Amino acid sequence: MREYFNNIWLGLTTVFIGMNVTFKHLFKPAVTIQYPDVKLLLPERERNRLYVNMDDCIGCDQCARACPVSCISIETVKSLPTDDLGKTSNGKKKALWLTKFDIDIAKCCYCQLCVFPCPTECIYMTDVFEFSEYKRENLLYSFVTLTPDEIAEKKNNFEKAEAEKSAQKAAAAAKKAEEQAAPKENKPSAEKPEDKKE
Amino acid sequence: MIYDFLLKLTGSEIAAGFIQSLLPLFVFILPFALIAVLLERKVSAHMQDRLGPMRVGYHGIFQTVADILKLMQKEDIVTDNSDKALFNIAPVLVFTGSYAAFAAIPFSGAFIGSNIDLGLFFIVAVSGLVVAGILMAGWASNNKYTLLGAMRSAAQVISYEIPTILVIITIVMITGTLNLYTLSELQTGHFWNWMIFGGPSTGLIKVAFIPFMIIGFVIIYISTLAEVNRTPFDIPEAESELVSGYHTEYSGMKFAMFFLAEYANMFAVSAIVAAVFFGGYQSPFGYLGNSLGISWFIPIEQFFWFTFKGIFFVLVQMWLRWTLPRLRVDQLMALCWKYLIPIAFVNLLIVGLITVL
Amino acid sequence: MPVKTEEMILNMGPQHPSTHGVLRLELLLEGEIIKGVKPHIGYLHRCFEKHAEAMTYPQVIPYVDRLDYLSSMYNEFGYVTAVEKLLGIEVPQRVEYIRVIMGELQRIASHLVAIGTYGADLGAFTPFLFAFRDREKILSLFEITCGARLLYNYIWIGGLSHDLHPDFVRLAREFIPYFRPKIKEMNDLLSYNKIFVERTANVGILPPETAINFGVSGPNLRGSGLKWDLRRNDPYSVYDKFDFNIPVGEGRMGTVGDCWDRYFVRILEMEESLKIIEQALDQLPEGDVTSAIPKRVKPPIGQVYARVENPRGELGYFIISDGSVNPFRVKVRAPSFISLSVMDELCRGHMIADVIAILGSIDIVLGEIDR
Amino acid sequence: MKTTEEIFNLLKEKFGESIIEFKTGVPVEDFIVVNPFEIDKVCTFLRDTDSYQFNNLMNLSGVDDANGKKITGEQGEVKLEGRTFSLFYHLESMSLKQKVTLAVRMPGENPEVSSVSEIWRSADWHEREAFDMFGIKFLNHPDLRRILMPYDWEAGYPLRKDYKNPEFYQGMKVPY
């Protein structure tokens, strides 16, 4: 019998306690925002769409190798010794023509693993997060600055040079070309300090 | 009064009756449903620290209109193996049940659909149609979830009618009438004449009534809440268990019918509670029309007070819904049979004794 | 004439509002009474273990995030604990402290989801949104630290991807007094509510012996009244430096080991996590968080089983290395996977509505079960 | 607290030939190799004896050892001869706070092992997973079905190192 009345008592009081809580919240300001009109200020480390600054890219392929989902694909063509590709912003000499730098952003998992190994800090994550598309193909971003004609030309040049090289078999020329062409691949990134244990 | 006016206007009893019977639908139920749906969303949103619909119109006031337009455009899906005839009748029946209840509800002294002597009885009885509709919907959809929902609903609505009726009997015992108009007129004057404060009786008896009237009010509020399948008694729909119960397979306008019926029902039961315990359309402080000497203003005031009370109880229903979890089906039955009915019965007995004294 | 009854099979899921993902439960019913439950899983199978064999050790971390997407930080924590054990490297103290802070914040966030969705499962929608409101605060803390809200890739082998944001300590300290009253509010609104208690007390009782035999761990095991917490019983990282209680189920509202106990252990654990965060913020040492990150993760041939106390229980990683840069085998001992296997035992004799209550109380994440 | 070596010696005394080997020196973990058909007896003993009380099976994982010799058959099909599968059992005693790792080795052609799901119910799903992923048959398992893969997956056991994705599954192209 006591339990019976206790049940009624608890049933009523706890309901009223709960109603009190919700009633108080009726007059509290909302915590939500009106999204497309109001936007949150994103923190500086925000990790959203990838962007590649092609002026600085040396085509070292390290980001593509770090990517766990293989969404970056890079193709390069060696430049001729006569070509001048300029320098990156941190003073590295570019030696490769980038004929393909595609990021399939639909595959990207925003893990940021590609950002850290980059020797010139040219690939980074921006705070752009509204880039939905109706077609999946539109999410395949191509960052190459060369036009298709130029790419064909560079490829052609390289093949010609190769052909010349093999024709001449000039050891000295080949050596020189190689020296310039060798990408500075294995240079450790600035972000990742040397491991002391190794 | 409105009927007389319409009769004069049209000169035909049939036309007048027809127009009058449509009045609550167009003047009341549809606008009310529009407002109540929005209100529900807004109330819930603000309770949860959100804003709710904000896009359509100022603070989303036209959201429901947009929703209805959307529902109308929707494809009417009838599943292959359903019982087509029943499937199509069910939403109509459910809506009819809740619409019919409005016939006997006194919106104001001048406007009562049908001033029948068995008003209260009629409302309780005609609500039973809803059960038939729900059972039909659940069966015809040919889906295990809908069937379970329908079975639960039938069991629930039928069980909870008993405490409702017991409380109504308590009131009838004091007032001696089932006519809602007379009942409302009995509670005229100021708010201390309302049934919850002992009604028109006087002296010590009036004081003695008050606690039992409050108990009666709580019981009838809980059981009518259960009758309209609102949280915490929404187990027939039980979104998280039965997907959405008996109307899982409905879409488009048929779904809208169920939805409309739910909101119409919410108001209907709130109206009963208001009429029985809170003076119906009577103002708590007397009428402006009386003091100003404008007699036609009184029915309008009465309409205002009635809607105000009705909507207040609807709001409390919403408030409860967004606060409480849902009961389990056996606990629901236990609450009805072990708590509400015995207490209502004892209440009836005591009130009866007091009346005799 | 005897009434002929038939058993009914009800498919709950894979599309169902409260199966917490794509889980299919095959319920054998007699009326509304459960005669048996057969979980069918695998709808979210993403071949984590096969993928991991093709990845290098650091590349596995983003995949690990996606196992239990509600406690990514802790998944990373467990994985790096295992790999570091295999490599035999020591990480700086600051890294350990930050990992603990992140892990405990993640535990609160994860428990908030568990509690909130549990309320929603039982029909109370408001606590759900309250819980998510507070969880957002924690996710914002993560966001300023590493830029992501859900899948962090923050804890790396030997270190962390970023040091703490300069504002982090201040914001985390502000969060603690903000959050404490919210727990009380949740108790008022949900925990002690009579209807909620009725729905959860004496439902789905899991006796401790059964729990151990089934390998159930974490809050579910503690809900059964067993004081077993890997942070205390098998300490890893710097957990031995903090003072905190291990809440266990006491059967306050019904029997020990019922749904309410499992639920309430989570509420109490949030408070303990706050305590740990407070202490860790006080003791936080200075240092470089990236100094111990190996340039090339190439563990020696060997194997390791390392486990941590995930918000859902014992999260174990069994890693075999064949000496190359790719793991030879990564097996995840997912706590939800084990918890789900108890369903049949817990549900028998209860009603359909109780299946939801029980499923919510064991707090599963399908991403982890199906891997 | 007993070390794995002590447990090995004690088990060796008790079970003799069923306890095959004690592996140590592998970084981090030592383990005991047990005969696959005796594993259930050993486990029952380890669970029920007072001095062990291994009441918790933390983890059970199958491993494809990938150690066979490649032999090209007459029709050009590649067969691995002498390959083995392993199972690792990580046991823990919650009362005595000790751990031990057991392992069994099975031949690649017909990997069979006694089930321990009667001893620890947690092994039930772990074993189903090992069956699903490696095709290891557990004798006396109550309900040995696939668990993560579709029940009608016919392309083999995905975590085997020589697994190849099928072209089609139910008319759907698999490598999308």
# chains A, B, ... in the order shown; residues from 1 in each chain; ligands from 1
>>> interface_residues(of="chain C", to="chain D", cutoff="6 Å", atoms="only C-alpha atoms", output="JSON, numbers by chain")
{"C": [42, 213, 214, 215, 302, 304]}
>>> residues_around(residues="segment 295-311 of chain B", least_positions_apart="4", cutoff="9 Å", atoms="only C-alpha atoms", output="compact mmCIF listing (two decimals) with C-alpha atoms, in the first residue's frame")
# COMPACT_ATOMS: atom_id res chain seq x y z
CA ALA B 36 -1.32 23.96 -33.41
CA PRO B 106 -20.25 24.60 -27.04
CA PHE B 107 -17.86 27.13 -28.50
CA SER B 108 -19.88 29.95 -27.07
CA GLY B 109 -23.34 30.62 -25.76
CA ALA B 110 -24.46 31.40 -29.29
CA PHE B 111 -22.66 28.71 -31.17
CA MET B 266 -6.30 17.21 -28.94
CA PHE B 267 -8.54 20.21 -28.97
CA ALA B 268 -11.70 18.19 -28.53
CA VAL B 269 -10.49 16.57 -25.32
CA SER B 270 -9.10 19.85 -24.04
CA ALA B 271 -12.48 21.36 -24.75
CA ILE B 272 -14.21 18.66 -22.73
CA VAL B 273 -11.87 19.24 -19.82
CA ALA B 274 -12.45 22.97 -20.09
CA ALA B 275 -16.19 22.58 -20.40
CA PHE B 278 -13.22 25.13 -16.12
CA GLY B 279 -16.52 26.73 -16.94
CA GLY B 280 -16.59 26.03 -20.65
CA TYR B 281 -16.91 29.30 -22.51
CA GLN B 282 -17.55 31.31 -19.36
CA SER B 283 -15.23 34.16 -18.62
CA PRO B 284 -13.49 34.01 -15.25
CA TYR B 287 -17.95 40.11 -19.49
CA LEU B 288 -16.85 43.32 -21.08
CA GLY B 289 -20.02 43.19 -23.14
CA ASN B 290 -22.12 43.33 -19.97
CA LEU B 315 -0.24 23.66 -24.72
CA VAL B 316 0.05 21.66 -21.54
>>> atom_distance(atom1="atom CA of Ile215 of chain B", atom2="atom CA of Ala344 of chain B")
8.0 Å
>>> select_by_dssp(residues="segment 84-219 of chain B", states="alpha helix (DSSP H)", output="PyMOL selection string")
chain B and resi 84-101+119-126+128-140+144-175+180-186+203-219
>>> interface_residues(of="chain A", to="chain C", cutoff="6 Å", atoms="only C-alpha atoms", output="PyMOL selection string")
chain A and resi 11+14+18+43+45-47+68+111+195
>>> interface_residues(of="chain C", to="chain B", cutoff="10 Å", atoms="only C-alpha atoms", output="number ranges by chain")
C: 8-13, 15-19, 31-32, 119-130, 133, 189-190, 193-199, 351-357
>>> residues_around(residues="Gln34 of chain A", least_positions_apart="2", cutoff="10 Å", atoms="only C-alpha atoms", output="ChimeraX atom specification")
/A:32,36-40 /B:51,54-55
>>> write_last_selection(atoms="C-alpha atoms", output="JSON list (two decimals), in the first residue's frame")
[["chain", "number", "residue", "atom", "x", "y", "z"],
["A", 32, "THR", "CA", 21.40, 27.14, -32.69],
["A", 36, "PRO", "CA", 23.15, 29.82, -44.32],
["A", 37, "ASP", "CA", 22.49, 33.34, -43.04],
["A", 38, "VAL", "CA", 24.74, 33.16, -40.02],
["A", 39, "LYS", "CA", 27.93, 31.20, -40.13],
["A", 40, "LEU", "CA", 30.18, 30.10, -37.36],
["B", 51, "LEU", "CA", 14.33, 28.03, -32.83],
["B", 54, "MET", "CA", 12.21, 30.02, -39.27],
["B", 55, "ARG", "CA", 12.21, 30.06, -43.04]]
>>> residues_around(residues="Leu140 of chain A", least_positions_apart="3", cutoff="6 Å", atoms="only C-alpha atoms", output="ChimeraX atom specification")
/A:103-104,137
>>> atom_distance(atom1="atom CA of Gly88 of chain C", atom2="atom CA of Leu70 of chain C")
28.9 Å
>>> residues_around(residues="segment 230-236 of chain C", least_positions_apart="3", cutoff="8 Å", atoms="only C-alpha atoms", output="JSON, numbers by chain")
{"C": [239, 240, 308, 309, 314]}
>>> write_last_selection(atoms="C-alpha atoms", output="PDB file, in the first residue's frame")
ATOM      1  CA  TYR C 239      45.877   7.221 -15.535  1.00  0.00           C
ATOM      2  CA  ASP C 240      47.596   6.088 -12.348  1.00  0.00           C
ATOM      3  CA  VAL C 308      42.197   0.660 -23.360  1.00  0.00           C
ATOM      4  CA  GLU C 309      39.008   1.646 -21.619  1.00  0.00           C
ATOM      5  CA  GLU C 314      37.476  -2.694 -23.423  1.00  0.00           C
TER       6      GLU C 314
END
>>> closest_atom_pairs(of="chain A", to="chain B", cutoff="8 Å", atoms="only C-alpha atoms", output="Markdown table")
| residue | atom | partner | partner_atom | distance |
| --- | --- | --- | --- | --- |
| A:Val15 | CA | B:Leu324 | CA | 7.3 |
| A:Gly18 | CA | B:Thr323 | CA | 6.1 |
| A:Met19 | CA | B:Thr323 | CA | 6.0 |
| A:Thr22 | CA | B:Met47 | CA | 5.4 |
| A:Phe23 | CA | B:Met47 | CA | 6.7 |
| A:Lys24 | CA | B:Met47 | CA | 7.8 |
| A:His25 | CA | B:Met47 | CA | 5.0 |
| A:Leu26 | CA | B:Met47 | CA | 4.4 |
| A:Phe27 | CA | B:His46 | CA | 7.2 |
| A:Lys28 | CA | B:Asp49 | CA | 6.6 |
| A:Pro29 | CA | B:Asp49 | CA | 6.4 |
| A:Ala30 | CA | B:Asp49 | CA | 4.3 |
| A:Val31 | CA | B:Asp49 | CA | 5.8 |
| A:Thr32 | CA | B:Arg50 | CA | 5.6 |
>>> residues_around(residues="segment 89-95 of chain B", least_positions_apart="5", cutoff="7 Å", atoms="only C-alpha atoms", output="list in words")
Leu129, Val130, Gly133, Ile134, Met136, Ala137, Lys254, Met257, Phe258 and Ala261 of chain B
>>> residues_around(residues="Ala256 of chain B", least_positions_apart="3", cutoff="9 Å", atoms="only C-alpha atoms", output="JSON, numbers by chain")
{"B": [68, 71, 72, 91, 250, 251, 252, 253, 259, 260, 261]}
>>> atom_distance(atom1="atom CA of Lys70 of chain D", atom2="atom CA of Phe85 of chain D")
15.7 Å
